[in-house]
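What follows is work.txt (compact mmCIF, C-alpha atoms).
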# COMPACT_ATOMS: atom_id res chain seq x y z
CA MET A 1477 0.00 0.00 0.00
CA ARG A 1478 1.40 3.41 -1.07
CA THR A 1479 1.87 6.03 1.56
CA PRO A 1480 0.32 9.46 0.98
CA SER A 1481 3.77 11.09 0.69
CA ARG A 1482 4.85 8.69 -2.08
CA THR A 1483 1.60 9.27 -3.95
CA VAL A 1484 2.07 13.06 -3.81
CA SER A 1485 5.70 12.83 -5.00
CA LEU A 1486 4.73 10.67 -7.96
CA ALA A 1487 1.98 13.07 -8.92
CA LEU A 1488 4.36 16.00 -8.77
CA LEU A 1489 6.91 14.17 -10.93
CA ILE A 1490 4.35 13.30 -13.59
CA GLY A 1491 2.98 16.85 -13.54
CA GLY A 1492 6.43 18.36 -13.96
CA PHE A 1493 7.19 16.06 -16.91
CA LEU A 1494 3.94 17.01 -18.64
CA THR A 1495 4.68 20.72 -18.11
CA VAL A 1496 8.15 20.45 -19.66
CA LEU A 1497 6.71 18.50 -22.60
CA ALA A 1498 4.05 21.15 -23.17
CA LEU A 1499 6.57 23.96 -23.07
CA GLY A 1500 8.79 22.15 -25.58
CA LEU A 1501 5.88 21.66 -27.98
CA ALA A 1502 4.89 25.30 -27.63
CA ARG A 1503 8.40 26.52 -28.43
CA ALA A 1504 8.67 24.21 -31.42
CA THR A 1505 5.46 25.52 -32.96
CA ALA A 1506 5.66 29.20 -31.93
CA PRO A 1507 7.02 31.80 -34.40
CA ALA A 1508 10.69 32.74 -33.87
CA GLU A 1509 11.29 35.84 -31.78
CA ALA A 1510 13.27 38.74 -33.20
CA GLU A 1511 16.82 39.08 -31.93
CA PRO A 1512 17.38 41.90 -29.44
CA ALA A 1513 18.43 45.12 -31.16
CA SER A 1514 21.92 44.87 -29.67
CA ILE A 1515 22.71 41.65 -31.53
CA ALA A 1516 20.27 41.67 -34.45
CA ARG A 1517 21.88 41.49 -37.87
CA THR A 1518 21.76 44.78 -39.78
CA ASN A 1519 22.61 45.70 -43.35
CA ILE A 1520 25.57 47.98 -42.70
CA ALA A 1521 26.95 49.68 -45.82
CA PRO A 1522 30.56 48.69 -46.56
CA LYS A 1523 33.28 51.24 -45.96
CA PRO A 1524 34.47 52.85 -49.19
CA THR A 1525 37.85 52.07 -50.69
CA ILE A 1526 40.03 55.19 -50.60
CA VAL A 1527 42.13 55.74 -53.73
CA LEU A 1528 44.94 58.32 -53.54
CA VAL A 1529 46.38 59.91 -56.71
CA HIS A 1530 49.62 61.88 -56.42
CA GLY A 1531 50.55 64.97 -58.37
CA ALA A 1532 53.44 66.27 -60.45
CA TRP A 1533 57.02 65.99 -59.18
CA ALA A 1534 55.95 63.36 -56.65
CA ASP A 1535 55.05 59.69 -56.38
CA ALA A 1536 52.70 57.46 -54.36
CA SER A 1537 54.98 57.61 -51.31
CA SER A 1538 53.93 61.22 -50.76
CA TRP A 1539 50.73 59.74 -49.24
CA ASN A 1540 52.57 57.69 -46.60
CA GLY A 1541 51.40 59.95 -43.77
CA GLU A 1542 47.77 59.43 -44.73
CA VAL A 1543 47.85 55.74 -45.65
CA GLY A 1544 48.71 54.44 -42.18
CA ARG A 1545 46.18 56.67 -40.46
CA LEU A 1546 43.39 55.69 -42.83
CA GLN A 1547 44.23 52.00 -42.45
CA ARG A 1548 44.08 52.34 -38.67
CA ASN A 1549 40.56 53.68 -39.15
CA GLY A 1550 39.61 50.46 -40.92
CA TYR A 1551 39.74 51.56 -44.55
CA VAL A 1552 41.17 49.79 -47.57
CA VAL A 1553 43.57 52.32 -49.10
CA ARG A 1554 45.33 52.31 -52.47
CA ALA A 1555 47.94 54.94 -53.36
CA ILE A 1556 48.38 54.35 -57.07
CA ASP A 1557 50.81 55.43 -59.75
CA ASN A 1558 50.01 58.54 -61.79
CA PRO A 1559 52.10 58.39 -64.99
CA LEU A 1560 52.37 62.22 -65.33
CA ARG A 1561 52.44 61.93 -69.10
CA GLY A 1562 49.25 63.81 -70.06
CA LEU A 1563 45.82 64.50 -68.64
CA THR A 1564 43.87 62.31 -71.06
CA SER A 1565 46.03 59.20 -70.80
CA ASP A 1566 46.67 59.61 -67.06
CA ALA A 1567 42.94 59.88 -66.36
CA GLU A 1568 42.25 56.81 -68.48
CA GLU A 1569 44.82 54.81 -66.53
CA VAL A 1570 43.25 55.82 -63.21
CA LYS A 1571 39.77 55.14 -64.60
CA ASP A 1572 40.87 51.62 -65.57
CA PHE A 1573 42.12 51.00 -62.03
CA LEU A 1574 38.87 52.25 -60.51
CA SER A 1575 36.93 49.79 -62.67
CA THR A 1576 38.57 46.91 -60.78
CA ILE A 1577 37.14 48.05 -57.42
CA THR A 1578 33.82 46.69 -56.20
CA GLY A 1579 31.79 48.99 -53.97
CA PRO A 1580 31.96 52.68 -53.09
CA ILE A 1581 35.10 54.74 -53.68
CA VAL A 1582 36.48 57.97 -52.26
CA LEU A 1583 38.88 59.40 -54.84
CA VAL A 1584 41.60 61.78 -53.65
CA GLY A 1585 43.93 63.88 -55.79
CA HIS A 1586 46.90 66.09 -54.92
CA SER A 1587 47.98 68.98 -57.15
CA TYR A 1588 47.81 67.86 -60.80
CA GLY A 1589 46.23 64.66 -59.47
CA GLY A 1590 43.12 66.78 -58.85
CA ALA A 1591 42.73 67.33 -62.59
CA VAL A 1592 43.24 63.60 -63.11
CA ILE A 1593 40.51 62.54 -60.66
CA THR A 1594 38.16 65.17 -62.10
CA ASN A 1595 38.30 63.25 -65.37
CA ALA A 1596 38.79 59.69 -64.10
CA ALA A 1597 35.68 59.77 -61.88
CA ALA A 1598 33.33 60.82 -64.68
CA GLY A 1599 30.78 58.11 -65.46
CA ASN A 1600 31.81 55.84 -62.56
CA SER A 1601 28.82 55.51 -60.23
CA ASN A 1602 30.99 53.88 -57.54
CA VAL A 1603 32.87 57.13 -56.91
CA LYS A 1604 30.88 58.72 -54.09
CA ALA A 1605 33.22 61.54 -53.02
CA LEU A 1606 36.14 63.55 -54.37
CA VAL A 1607 38.86 65.10 -52.21
CA TYR A 1608 41.18 67.79 -53.59
CA VAL A 1609 44.44 68.43 -51.72
CA ASP A 1610 46.20 71.63 -52.82
CA ALA A 1611 44.82 70.64 -56.18
CA ALA A 1612 43.35 71.75 -59.47
CA ALA A 1613 39.69 71.02 -60.15
CA PRO A 1614 39.22 72.08 -63.78
CA ASP A 1615 35.98 72.63 -65.61
CA VAL A 1616 35.50 71.21 -69.08
CA GLY A 1617 37.93 72.94 -71.46
CA GLU A 1618 40.23 74.28 -68.75
CA THR A 1619 43.85 73.16 -68.51
CA ASN A 1620 45.76 72.42 -65.35
CA GLY A 1621 48.25 75.15 -66.22
CA GLN A 1622 45.54 77.80 -66.38
CA LEU A 1623 44.55 77.20 -62.76
CA SER A 1624 47.82 77.88 -60.93
CA GLY A 1625 46.89 81.48 -60.10
CA LYS A 1626 48.36 84.87 -60.92
CA THR A 1627 51.01 84.81 -58.21
CA SER A 1628 52.03 81.17 -58.66
CA ALA A 1629 55.73 80.42 -58.98
CA LEU A 1630 54.78 78.52 -62.13
CA ASN A 1631 53.18 81.57 -63.74
CA ALA A 1632 56.45 82.51 -65.39
CA ASP A 1633 58.70 81.39 -68.20
CA PRO A 1634 59.07 77.59 -67.67
CA ALA A 1635 62.82 77.96 -68.20
CA THR A 1636 63.00 79.90 -64.92
CA TRP A 1637 61.45 77.17 -62.80
CA SER A 1638 62.04 73.87 -64.62
CA ASP A 1639 64.58 71.86 -66.56
CA SER A 1640 63.20 70.39 -69.80
CA VAL A 1641 64.24 66.91 -70.89
CA PRO A 1642 63.06 64.94 -73.96
CA TYR A 1643 61.54 61.51 -73.48
CA ALA A 1644 60.92 58.47 -75.67
CA GLY A 1645 57.58 58.40 -77.46
CA ALA A 1646 56.78 62.02 -76.69
CA PRO A 1647 54.26 63.80 -78.92
CA ALA A 1648 55.71 66.49 -81.17
CA GLY A 1649 56.98 69.38 -79.07
CA ALA A 1650 56.34 67.67 -75.73
CA MET A 1651 58.99 67.59 -73.02
CA GLN A 1652 59.18 66.37 -69.45
CA LEU A 1653 59.84 68.93 -66.75
CA TYR A 1654 61.89 68.69 -63.55
CA LEU A 1655 61.52 71.42 -60.92
CA LYS A 1656 64.68 73.40 -60.31
CA GLU A 1657 66.14 72.90 -56.84
CA ASN A 1658 65.58 76.45 -55.59
CA ILE A 1659 61.91 76.36 -56.72
CA PHE A 1660 61.37 72.98 -55.06
CA LEU A 1661 62.92 74.06 -51.75
CA HIS A 1662 61.53 77.58 -51.49
CA ASN A 1663 58.21 77.42 -53.37
CA PHE A 1664 57.12 73.78 -53.57
CA ALA A 1665 58.06 72.51 -50.10
CA PRO A 1666 59.04 75.47 -47.89
CA ASP A 1667 57.33 74.11 -44.75
CA LEU A 1668 59.30 70.85 -44.75
CA PRO A 1669 62.68 70.35 -43.07
CA ALA A 1670 65.41 71.38 -45.50
CA ARG A 1671 66.94 67.91 -45.59
CA THR A 1672 63.58 66.30 -46.34
CA ALA A 1673 62.89 68.81 -49.12
CA GLU A 1674 66.32 68.18 -50.62
CA GLN A 1675 65.69 64.43 -50.71
CA LEU A 1676 62.28 64.92 -52.31
CA TRP A 1677 63.81 67.21 -54.93
CA ALA A 1678 66.47 64.62 -55.73
CA THR A 1679 63.89 61.83 -56.15
CA GLN A 1680 61.16 63.81 -57.93
CA ARG A 1681 59.34 62.33 -60.90
CA PRO A 1682 59.13 64.62 -63.94
CA ALA A 1683 55.82 65.74 -65.39
CA ALA A 1684 55.26 66.03 -69.13
CA THR A 1685 54.09 69.31 -70.63
CA ALA A 1686 50.89 67.54 -71.76
CA ALA A 1687 49.92 67.28 -68.10
CA PHE A 1688 49.59 71.07 -68.01
CA ASP A 1689 48.30 72.06 -71.45
CA THR A 1690 45.64 69.40 -72.17
CA PRO A 1691 42.05 70.68 -71.76
CA SER A 1692 39.88 68.76 -69.31
CA SER A 1693 37.15 66.71 -70.96
CA ALA A 1694 35.04 66.25 -67.81
CA ALA A 1695 34.16 67.94 -64.51
CA ALA A 1696 33.12 65.19 -62.12
CA TRP A 1697 32.79 67.66 -59.22
CA LYS A 1698 29.57 68.91 -60.82
CA THR A 1699 27.76 65.71 -59.85
CA ILE A 1700 29.94 64.15 -57.09
CA PRO A 1701 30.25 65.75 -53.61
CA SER A 1702 33.70 67.14 -52.95
CA TRP A 1703 36.05 68.18 -50.15
CA TYR A 1704 39.03 70.53 -50.40
CA VAL A 1705 42.26 70.98 -48.42
CA ILE A 1706 43.99 74.32 -49.00
CA GLY A 1707 47.42 75.23 -47.68
CA THR A 1708 47.26 78.96 -47.00
CA LYS A 1709 50.88 79.46 -48.10
CA ASP A 1710 50.71 77.38 -51.27
CA GLN A 1711 52.91 79.01 -53.92
CA ILE A 1712 52.30 76.49 -56.71
CA ILE A 1713 48.49 76.57 -56.94
CA THR A 1714 47.59 79.72 -55.04
CA PRO A 1715 45.05 79.65 -52.19
CA GLU A 1716 42.98 82.22 -54.09
CA SER A 1717 42.73 79.93 -57.11
CA GLU A 1718 41.95 76.88 -54.96
CA LEU A 1719 39.25 78.74 -53.03
CA ALA A 1720 37.63 79.84 -56.28
CA MET A 1721 37.58 76.24 -57.54
CA ALA A 1722 36.34 74.94 -54.18
CA HIS A 1723 33.48 77.43 -54.04
CA ARG A 1724 32.59 76.68 -57.64
CA ALA A 1725 32.35 72.97 -56.78
CA HIS A 1726 30.43 73.68 -53.53
CA SER A 1727 33.15 71.75 -51.71
CA HIS A 1728 33.58 71.28 -47.97
CA ILE A 1729 36.72 73.35 -47.31
CA THR A 1730 39.54 72.96 -44.79
CA GLU A 1731 42.33 75.52 -44.74
CA VAL A 1732 45.72 74.57 -43.29
CA PRO A 1733 47.40 77.69 -41.84
CA GLY A 1734 50.92 78.05 -43.19
CA GLY A 1735 50.59 74.94 -45.32
CA SER A 1736 52.64 74.74 -48.51
CA HIS A 1737 51.81 72.87 -51.69
CA LEU A 1738 52.83 69.68 -49.86
CA THR A 1739 50.38 69.68 -46.93
CA LEU A 1740 49.90 65.96 -47.54
CA ILE A 1741 53.48 65.54 -46.25
CA SER A 1742 53.80 68.48 -43.84
CA HIS A 1743 50.28 68.23 -42.32
CA PRO A 1744 49.10 64.63 -42.79
CA ILE A 1745 46.72 64.75 -39.81
CA ALA A 1746 44.72 67.66 -41.24
CA VAL A 1747 44.61 66.02 -44.67
CA THR A 1748 43.56 62.67 -43.19
CA LYS A 1749 40.72 64.31 -41.26
CA GLN A 1750 39.31 65.77 -44.46
CA ILE A 1751 39.57 62.43 -46.25
CA LEU A 1752 37.81 60.74 -43.33
CA ALA A 1753 35.05 63.36 -43.44
CA ALA A 1754 34.46 62.48 -47.08
CA ALA A 1755 34.60 58.74 -46.38
CA ARG A 1756 32.15 58.94 -43.48
CA SER A 1757 29.65 60.74 -45.68
CA VAL A 1758 29.30 57.62 -47.81
CA HIS A 1759 26.29 55.51 -46.76
Here is the file; what I need is its structure written in the form of structure tokens.
Amino acid sequence: MRTPSRTVSLALLIGGFLTVLALGLARATAPAEAEPASIARTNIAPKPTIVLVHGAWADASSWNGEVGRLQRNGYVVRAIDNPLRGLTSDAEEVKDFLSTITGPIVLVGHSYGGAVITNAAAGNSNVKALVYVDAAAPDVGETNGQLSGKTSALNADPATWSDSVPYAGAPAGAMQLYLKENIFLHNFAPDLPARTAEQLWATQRPAATAAFDTPSSAAAWKTIPSWYVIGTKDQIITPESELAMAHRAHSHITEVPGGSHLTLISHPIAVTKQILAAARSVH
């Protein structure tokens, strides 16, 4: 004969089993609950790839101060070669590189590289922002050489500021130009340590005359948002000329007090901040 206590215990055991079974069946047939907002999956837009295009008398290493900082902010960065042979062909080469990138792009140009990106970005829907660093931003029909400004050190007889050298395959009358040492040190890079400026002068890449006298065939800044960095002591493309181009393009403007034509080397933090502002605008 079962005692009352054993009967109660057995009843409780059976009841508990039936409750667990019922809960299991309910969970199996109930619709899934949404994940809490803190862990729910969201469709976050990918960060843009940042492509950096150097200017005349420079190479991709001039972006070294920006590359590391941008990478530390989680961006894929490419500082690519600009041939410096002529606006049309240089822009086509950059355009071909951009076509290999999937997803949004922030395209950055220094100096003559600004004219290159103005043409290379045209017709590429992946390019979401343009950044001009002490750069030219020509309209259709304008040449890079026309945009230096009245007081530019380059607004003089080329023989006074450059050494002309022929090159293989050059179009008739075309030459490649090297900046003279005194122009490089005192007008191109006056806010850099003298030793650094001397090394950059010694390793400069020449720019062909076609880089300066070829009319622009596009003006991508008319349809793509833009940002501008202006060194207030730039003697190659004057601040007045850059401000006029920046206002024309309705650009977001940052001025670097005392900055030369090489703010990308002398003030990499300020330049990086402007590039990041452009990148963070991409959604």
Find the residues around stretch 1700-1703 of chain A up to 10 Å (only C-alpha atoms counted), leave out those fewer than 2 positions away in its own chain, and share them as a ChimeraX atom specification. /A:1582-1584,1594,1597-1598,1601,1603-1609,1695-1698,1705,1722,1725-1730,1750-1751,1753-1754,1757
Subject >> Which of A:Trp1539, A:Trp1533, A:Tyr1551, A:Phe1664 sits closest to A:Ala1684 [using only C-alpha atoms] >> reply: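 Nearest candidate to A:Ala1684 out of A:Trp1539, A:Trp1533, A:Tyr1551, A:Phe1664: A:Trp1533.
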List every residue of stretch 1655-1688 of chain A that has an atom at most 8 Å from any atom of stretch 1618-1630 of chain A, giving for each one its closest atom pair and the distance in Å to one decimal, counting all atoms listed in the file, sorted by chain and then by ascending residue number, as a Markdown table.
| residue | atom | partner | partner_atom | distance |
| --- | --- | --- | --- | --- |
| A:Ile1659 | CA | A:Ala1629 | CA | 7.7 |
| A:Asn1663 | CA | A:Ala1629 | CA | 6.8 |
| A:Ala1687 | CA | A:Asn1620 | CA | 7.2 |
| A:Phe1688 | CA | A:Gly1621 | CA | 4.7 |
What does the file look like for those residues with C-alpha atoms, as a short mmCIF file (atom, residue, chain, number, x, y, z; two decimals), in the coordinates of the input?
data_model
loop_
_atom_site.label_atom_id
_atom_site.label_comp_id
_atom_site.auth_asym_id
_atom_site.auth_seq_id
_atom_site.Cartn_x
_atom_site.Cartn_y
_atom_site.Cartn_z
CA ILE A 1659 61.91 76.36 -56.72
CA ASN A 1663 58.21 77.42 -53.37
CA ALA A 1687 49.92 67.28 -68.10
CA PHE A 1688 49.59 71.07 -68.01
#
Separation of atom CA of A:Ile1741 and atom CA of A:Ile1526, in Å?
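Those two atoms sit 17.5 Å apart.
Distances from A:Asn1602, A:Ser1717, A:Gln1680, A:Ser1565 to A:Ala1536 were compared using all atoms listed in the file, and the smallest one belongs to A:Gln1680.
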Using all atoms listed in the file, pick whichever of A:Gly1735, A:Ala1567, A:Glu1674, A:Ala1613 has the shortest atom-to-atom distance to A:Leu1661.
->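 Of A:Gly1735, A:Ala1567, A:Glu1674, A:Ala1613, the one nearest A:Leu1661 is A:Glu1674, counting all atoms listed in the file.
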Residue with smallest distance to A:Leu1528 - pool A:Arg1681, A:Arg1554, A:Arg1756, A:His1743, counting only C-alpha atoms: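 Under the stated criterion, the closest residue is A:Arg1554.
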Judged by only C-alpha atoms, the minimum distance to A:Val1529 among A:Ser1693, A:Thr1564, A:Ser1575, A:Ser1587 is found for A:Ser1587
Computed gap from atom CA of A:Asn1600 to atom CA of A:Pro1744 is 27.7 Å
Mind pulling up the distance from atom CA of A:Lys1749 to atom CA of A:Ile1581?
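Computed distance, atom CA of A:Ile1581 to atom CA of A:Lys1749, equals 16.7 Å.
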Practice item. Counting all atoms listed in the file, write as a list of chain:residue names all protein and nucleic acid residues lying at most 8 Å from (61.2, 70.6, -66.4) in the file's frame. Key: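 Residues lying no farther than 8 Å from the given point: A:Pro1634, A:Ala1635, A:Trp1637, A:Ser1638, A:Asp1639, A:Ser1640, A:Val1641, A:Met1651, A:Gln1652, A:Leu1653, A:Tyr1654, A:Leu1655, A:Lys1656, A:Pro1682, A:Ala1683, A:Ala1684.
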Which residue out of A:Lys1523, A:Lys1709, A:Arg1548, A:His1723 has the minimum interatomic distance to A:Pro1580 when only C-alpha atoms are used?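 Counting only C-alpha atoms, the residue closest to A:Pro1580 is A:Lys1523.
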